Amino acid sequence: MSTELADIHDFIKAIEPFDQLPDTAVARIVRNISICYVRTGEQLPPAGVQVPMLYFLRKGALAYFTENNELLGKYGEGDICTVFCNPDENLVVNVIPEEDTLLCAISCDDLKAVINDFPNVLRFFIQTGAQRLKQQVLKINEEAIMASTLMNTSIEDFYHAPVVTIDHKSSIKDAAVKMTELNFSCLVVVDGEKLSGIVTDKDLRRRCIAKGLDLNLPVSNIMTPNMEVIDVNYSAHDALIKMTSQHIHHLPVMKDGVLTGMVTVTDLMNQEGLNAVNMSSTIGKATSVEELVSISKMLPKLQIRMAKLGTTADHVGKTISAITCAFTVKLIKMAKQKYGPEPVPFAWLAAGSQARQEQFAHSDQDNALIISNDMRPEDDAWFKQLATFVSDGLAACGFIYCPGDVMATNDKWRQPQHVWQHYFERWVNTPEPMALMHSSVFFDLNCVFGDADLLNEVRANMLKQTQRNTLFIAHLSGNALKLRPPLGFFRDFVLVSSGKNKKALDLKHNGIAPIVDLARIYALSEGITAVNTIERLKQASGTPSLSKTSAANLIDAYEFLGMLRAEHQARQLQDGIEPDNFLAPKEISRLEREHLKDAFKVIKTMQSNRQSTYG
């Protein structure tokens with residue numbers, strides 16, 4: 001191979017997904033490569049090229065546009081221009097060099113002939129951007145399942161040994177004494193070398209004490225015979241499935257047919273470590289704000305752990321939000337113990353990301369109070385105390401005060417139901433800028449504690465108005481379109497141009513927030529009560545506001561962006577850095593950058609559709 005061809009070989013081999021191909025396949029591509037040069041202002045394909053081609057950019061830059069001359073994106077050195085091979089780009093009519101550009105070109109048919117035996121690479125070129133994104137999201141979800149620590153941990157790593165046994169002829173009293181002395185919750189009952197059964201502290205209570213049995217009777221009278229066992233070579237996940245399906249809490253472990261250890265449900269839960277169930281239970285048992293503060297320090301560790309396990313962003317958000325709710329409920333109960341019962345019914349509301357169940361560790365707090373219309377002026381003192389106690393407690397636990405003062409401590413957001421009704425009526429019927437700002441917060445509400453009907457009645461009345469108020473939806477759409485996906489500049493992405501986040505992408509405001517805004521608009525247009533973004537998109541799917549295909553594409557984009565955000569924040573938390581939403585493209589692989597562009601294109605398309613409807 002000549003020096004020039006070897007150089008092209010190395011150049012292509014370094015580009016994803018071609019890096020997955022063996023050298024022989026890359027060599028076949030190189031043999032079919034032609035070199036072309038296009039000047040600034042000319043158009044691709046070059047004059048005389050009649051067949052669809054894929055272009056590798058050696059030097060220079062390309063920009064590509066829709067038929068309406070809207071910039072979709074740019075390609076830089078080392079990028080692949082796929083618009084002529086990929087059906088996702090069939091609306092692109094103009095690809096123009098922004099500077100003199102050197103290209104390596106191969107016909108799409110020749111390329112497919114080479115990569116046909118490599119399905120992972122082939123899919124990248126025959127699928128649309130939306131299809132590629134969906135495949136990536138499915139892959140992430142599959143990896144999340146397979147990455148469970150229980151599935152990848154052998155029982156041998158943590159079972160208890162040796163196992164304490166007792167002869168089947170020994171008395172119930174002897175068993176109880178032995179269990180008490182050893183502080184064990186079970187004993188395996190044996191008959192010589194043979195396993196006869198198992199006796200647990202639960203058996204002692206239910207089968208002996210509750211029935212008044214003679215303690216001198218043989219322990220075999222209260223044991224569970226034909227006990228379940230598991231071989232040491234199975235995974236911890238297998239053990240958990242067996243215990244939950246059989247409703248048992250202790251499982252003897254066998255090795256080469258010999259009893260060698262014991263595993264319990266508690267062992268498995270401890271092996272999983274930090275989890276929402278355990279954490280919420282611990283929060284519920286706390287007796288002081290100081291204890292809650294101590295527990296809250298586990299939240300970043302939980303987010304790190306979930307990200308490492310490949311947990312979906314949707315699951316992370318729901319888990320963190322549920323734990324935040326647990327903190328809130330506990331603080332409300334503490335406040336009621338301190339200040340006495342509420343004078344009239346109320347509903348403590350979460351707003352924003354917590355209400356949508358999309359919160360990450362230690363976000364700021366957004367909350368409010370809807371109080372019964374029976375409230376008297378003097379009752380506000382009690383509710384102000386409640387709001388102050390809970391908000392201060394949440395702040396102590398790391399949920400900082402809302403910079404915009406959207407909290408129940410603000411008199412404006414601690415009002416009777418009829419005042420809230422008036423708020424929403426005014427916001428919908430007079431959609432001035434402040435009303436639109438409030439809509440992004442207060443149209444996403446969830447009842448955390450108290451009388452949920454107070455919120456449900458307000459929401460039902462509000463949705464009746466938004467469904468028939470096209471002017472409000474038009475204004476809301478226009479406001480939502482102000483946040484645009486960062487495509488089209490600096491080769492591929494619009495990057496922050498200055499400050500500490502220079503050369504980074506704002507995943508939240510330019511990626512996730514636009515989808516949240518669109519989902520809210522669809523929900524308000526169709527009278528959907530859900531506030532979770534994915535749930536809103538699912539329920540809006542197939543309605544006049546949103547096609548099924550568009551809904552699926554937005555969900556995939558949202559999940560992929562959320563995954564990138566969760567992994568980015570987990571890396572920061574692990575390094576002791578305060579988490580943010582600014583991702584530098586260099587943090588992720590070239591292939592992930594392609595998926596990110598696919599996600600941004602989905603958002604851009606849906607925003608364009610919205611703009612053409614209400615423009």
# chains A, B, ... in the order shown; residues from 1 in each chain; ligands from 1
>>> select_by_dssp(residues="region 33-264 of chain A", states="alpha helix (DSSP H)", output="PyMOL selection string")
chain A and resi 108-115+119-126+129-146+172-182+201-203+236-246
>>> residues_around(residues="Ala313 (chain A)", least_positions_apart="5", cutoff="10 Å", atoms="only C-alpha atoms", output="list of chain:residue names")
A:Asn141, A:Met306, A:Ala307, A:Lys318, A:Thr319, A:Glu358, A:Gln359, A:Phe360, A:Tyr558, A:Glu559, A:Phe560, A:Leu561, A:Gly562, A:Met563, A:Leu564, A:Arg565, A:Ala566, A:Glu567
>>> atom_distance(atom1="CA of Gln337 (chain A)", atom2="CA of Val458 (chain A)")
28.9 Å
>>> closest_residue(among="A:Gly76, A:Pro52, A:Pro544, A:Gly60", to="Ser107 (chain A)", atoms="only C-alpha atoms")
A:Pro52
>>> closest_atom_pairs(of="region 369-458 of chain A", to="region 467-470 of chain A", cutoff="12 Å", atoms="only C-alpha atoms", output="CSV")
residue,atom,partner,partner_atom,distance
A:Glu425,CA,A:Asn469,CA,11.0
A:Trp427,CA,A:Asn469,CA,11.3
A:Val428,CA,A:Asn469,CA,7.6
A:Asn429,CA,A:Asn469,CA,7.7
A:Thr430,CA,A:Asn469,CA,10.6
A:Pro431,CA,A:Asn469,CA,10.4
>>> residues_around(residues="region 392-394 of chain A", least_positions_apart="6", cutoff="10 Å", atoms="only C-alpha atoms", output="list in words")
Ser288, Val289, Glu290, Leu292, Val293, Ser296, Thr324, Phe327, Thr328, Lys330, Leu331, Ile332, His362, Asp364, Gln365, Leu386, Ile400, Tyr401 and Thr409 of chain A
>>> write_last_selection(atoms="N, CA and C atoms", output="PDB file, in the first residue's frame")
ATOM      1  N   SER A 288     -34.947  13.940  63.835  1.00  0.00           N
ATOM      2  CA  SER A 288     -34.514  15.333  63.898  1.00  0.00           C
ATOM      3  C   SER A 288     -34.050  15.798  62.526  1.00  0.00           C
ATOM      4  N   VAL A 289     -33.998  17.098  62.351  1.00  0.00           N
ATOM      5  CA  VAL A 289     -33.509  17.660  61.094  1.00  0.00           C
ATOM      6  C   VAL A 289     -32.044  17.284  60.897  1.00  0.00           C
ATOM      7  N   GLU A 290     -31.307  17.222  61.990  1.00  0.00           N
ATOM      8  CA  GLU A 290     -29.888  16.862  61.905  1.00  0.00           C
ATOM      9  C   GLU A 290     -29.718  15.466  61.303  1.00  0.00           C
ATOM     10  N   LEU A 292     -31.805  14.052  59.227  1.00  0.00           N
ATOM     11  CA  LEU A 292     -32.142  14.180  57.816  1.00  0.00           C
ATOM     12  C   LEU A 292     -30.972  14.748  57.024  1.00  0.00           C
ATOM     13  N   VAL A 293     -30.277  15.721  57.599  1.00  0.00           N
ATOM     14  CA  VAL A 293     -29.114  16.313  56.932  1.00  0.00           C
ATOM     15  C   VAL A 293     -28.055  15.245  56.696  1.00  0.00           C
ATOM     16  N   SER A 296     -29.131  13.007  53.894  1.00  0.00           N
ATOM     17  CA  SER A 296     -29.104  13.672  52.586  1.00  0.00           C
ATOM     18  C   SER A 296     -27.738  13.605  51.925  1.00  0.00           C
ATOM     19  N   THR A 324     -36.704  13.107  47.530  1.00  0.00           N
ATOM     20  CA  THR A 324     -36.985  14.490  47.922  1.00  0.00           C
ATOM     21  C   THR A 324     -38.365  14.598  48.548  1.00  0.00           C
ATOM     22  N   PHE A 327     -38.162  13.366  52.105  1.00  0.00           N
ATOM     23  CA  PHE A 327     -37.636  14.416  52.982  1.00  0.00           C
ATOM     24  C   PHE A 327     -38.730  15.444  53.305  1.00  0.00           C
ATOM     25  N   THR A 328     -39.464  15.856  52.269  1.00  0.00           N
ATOM     26  CA  THR A 328     -40.500  16.877  52.455  1.00  0.00           C
ATOM     27  C   THR A 328     -41.597  16.395  53.392  1.00  0.00           C
ATOM     28  N   LYS A 330     -41.457  14.072  55.660  1.00  0.00           N
ATOM     29  CA  LYS A 330     -40.957  13.943  57.029  1.00  0.00           C
ATOM     30  C   LYS A 330     -40.875  15.310  57.706  1.00  0.00           C
ATOM     31  N   LEU A 331     -40.411  16.319  56.967  1.00  0.00           N
ATOM     32  CA  LEU A 331     -40.317  17.670  57.539  1.00  0.00           C
ATOM     33  C   LEU A 331     -41.699  18.232  57.864  1.00  0.00           C
ATOM     34  N   ILE A 332     -42.680  17.954  57.006  1.00  0.00           N
ATOM     35  CA  ILE A 332     -44.046  18.411  57.284  1.00  0.00           C
ATOM     36  C   ILE A 332     -44.571  17.755  58.561  1.00  0.00           C
ATOM     37  N   HIS A 362     -29.741  17.221  44.836  1.00  0.00           N
ATOM     38  CA  HIS A 362     -29.551  18.565  45.391  1.00  0.00           C
ATOM     39  C   HIS A 362     -29.877  19.686  44.409  1.00  0.00           C
ATOM     40  N   ASP A 364     -32.441  22.901  43.305  1.00  0.00           N
ATOM     41  CA  ASP A 364     -33.077  23.902  44.163  1.00  0.00           C
ATOM     42  C   ASP A 364     -34.526  23.494  44.404  1.00  0.00           C
ATOM     43  N   GLN A 365     -35.133  24.059  45.413  1.00  0.00           N
ATOM     44  CA  GLN A 365     -36.494  23.677  45.778  1.00  0.00           C
ATOM     45  C   GLN A 365     -37.507  24.639  45.155  1.00  0.00           C
ATOM     46  N   LEU A 386     -45.133  26.559  59.015  1.00  0.00           N
ATOM     47  CA  LEU A 386     -44.937  25.287  58.309  1.00  0.00           C
ATOM     48  C   LEU A 386     -43.990  25.487  57.127  1.00  0.00           C
ATOM     49  N   ILE A 400     -31.226  23.804  47.752  1.00  0.00           N
ATOM     50  CA  ILE A 400     -31.068  25.239  48.005  1.00  0.00           C
ATOM     51  C   ILE A 400     -32.368  25.990  47.777  1.00  0.00           C
ATOM     52  N   TYR A 401     -32.477  27.156  48.424  1.00  0.00           N
ATOM     53  CA  TYR A 401     -33.653  27.996  48.236  1.00  0.00           C
ATOM     54  C   TYR A 401     -33.771  28.386  46.767  1.00  0.00           C
ATOM     55  N   THR A 409     -42.760  29.850  51.363  1.00  0.00           N
ATOM     56  CA  THR A 409     -42.447  30.940  52.301  1.00  0.00           C
ATOM     57  C   THR A 409     -42.809  32.300  51.708  1.00  0.00           C
TER      58      THR A 409
END
>>> residues_around(residues="region 246-254 of chain A", least_positions_apart="3", cutoff="10 Å", atoms="only C-alpha atoms", output="JSON, numbers by chain")
{"A": [155, 156, 159, 160, 161, 163, 185, 186, 187, 188, 198, 199, 200, 227, 228, 229, 230, 231, 232, 233, 234, 239, 240, 241, 242, 243, 257, 258, 259, 260, 261, 262, 263, 264, 265, 266, 267]}
